[in-house]
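In what follows, a structure is listed as structure tokens, so that the remarks can point back to it.
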Amino acid sequence: MLAFTYIPPDVTAIQLRQWRPFLFRAIIAVVSPSARQKMARGKELKRILAQNALIENQSSLDLLLCLLFDQFLNKDGTLSRLMMLAISLVDNLRLNKPLPVDVHMMGPLTPGFGKASKDPVENTGKRYLESQRAVLGCFVLSSIISSYYAQMDPMRWTSQMEEGLRANTSSKECPTDEAFSYQVRLQLLAQRAGQVRENREPNHQHPTTPFLSFMYLNALRGQLQELRGSLPPELKTQGEFRGIRLRQNRQNLIKYSTLTHGRLKFLSRTHITSISA
């Protein structure tokens, strides 16, 4: 489970359709009972995403959440392209970094910049946690897809994302926030371990020496042990957190056993079942 969005149990399908129309469409497509229906709805969802994100140049949290859910409808090479589009939305919305000093220059470039939101969720203090869940979910998915397909670079980790993760960890709004925070931490370690491996490649622009790789790897192991030690008892029995470890093979390359592309289809089991008709 990768709970990058939270829909309160008292939110009805009608309310969700009004507040998050793109997300609503994505959820309906993901939970379609038949494969044929899911394929048809997924194709229509891609058309809608292309129309709004590319042709009409729209940027919104709703559109970002829709893109993240759409990852679970794809089993081909389009995953990387859709993920890059999701990362571009995060950058455009400035969800992973503070606004620049010359913020006035962004107005003409961003549709709807400066306009009041009609979404009641957007105008409450909960918007920050909601947006940070989406950003952190985008990071985890991009890291997994980048590692599996090697067709794109993963989303960069920023200090603002670190702040969002801390806020998410201490949040009591969503029952799955704590587990989600640990998933993000684990994937961050996985990404850094992967960077150690890439830096060891002979064709790398600035290859890392074996000694530096060894020292950095030991630091990662220490962080992993600390993370494992802080896991609450109820999380240690969950599939995502059982047997997590850093391993070295004969070539001294790092492999990380946590979330993999093969399990993407299981990650969409969030609170969508709590939506009432």
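Identifiers in this document derive from the order of the structure tokens: chains are assigned A, B, ..., residues are numbered from 1 separately in each chain, and ligands are numbered from 1 in order of occurrence.
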
Counting only C-alpha atoms, what are the residues of range 16-102 of chain A within 8 Å of range 156-163 of chain A, and for each of them which pair of atoms is the nearest and at what distance in Å, to one decimal? Sort the table by chain and rising number, as a Markdown table.
| residue | atom | partner | partner_atom | distance |
| --- | --- | --- | --- | --- |
| A:Asn96 | CA | A:Met161 | CA | 5.6 |
| A:Lys97 | CA | A:Gln160 | CA | 5.5 |
| A:Pro98 | CA | A:Gln160 | CA | 7.3 |

The selected residues should be written to file as a JSON list (two decimals), in the first residue's frame (atoms: N, CA and C atoms).
[["chain", "number", "residue", "atom", "x", "y", "z"],
["A", 96, "ASN", "N", 7.65, 21.06, -4.41],
["A", 96, "ASN", "CA", 8.86, 20.45, -3.86],
["A", 96, "ASN", "C", 9.95, 21.47, -3.57],
["A", 97, "LYS", "N", 9.65, 22.74, -3.75],
["A", 97, "LYS", "CA", 10.64, 23.79, -3.48],
["A", 97, "LYS", "C", 9.92, 25.11, -3.28],
["A", 98, "PRO", "N", 10.54, 26.05, -2.56],
["A", 98, "PRO", "CA", 9.89, 27.34, -2.28],
["A", 98, "PRO", "C", 9.77, 28.19, -3.53]]

query = When you draw a straight line from CA of Arg228 in chain A to CA of Ala193 in chain A, how long is it in Å?
reply = 16.4 Å

request  = Please indicate the distance in Å from CA of Ala29 in chain A to CA of Ser142 in chain A, rounded to one decimal place.
outcome  = 21.1 Å

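Proximity ranking of A:Leu95, A:Leu79, A:Val90, A:Ala35 relative to Tyr149 in chain A places A:Leu79 first, based on only C-alpha atoms.
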
message = Please report the interatomic distance between CA of Ala3 in chain A and CA of Gln183 in chain A in Å with one decimal.
response =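 CA of Gln183 in chain A lies at a distance of 9.7 Å from CA of Ala3 in chain A.
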
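Comparing A:Leu73, A:Leu16, A:Ser60, A:Leu220 by their smallest distance to Lys38 in chain A, the closest is A:Leu73 (using only C-alpha atoms).
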
request  = Find the residues around range 185-188 of chain A up to 7 Å (only C-alpha atoms counted), leave out those fewer than 4 positions away in its own chain, and share them as number ranges by chain.
outcome  = A: 140, 181, 192
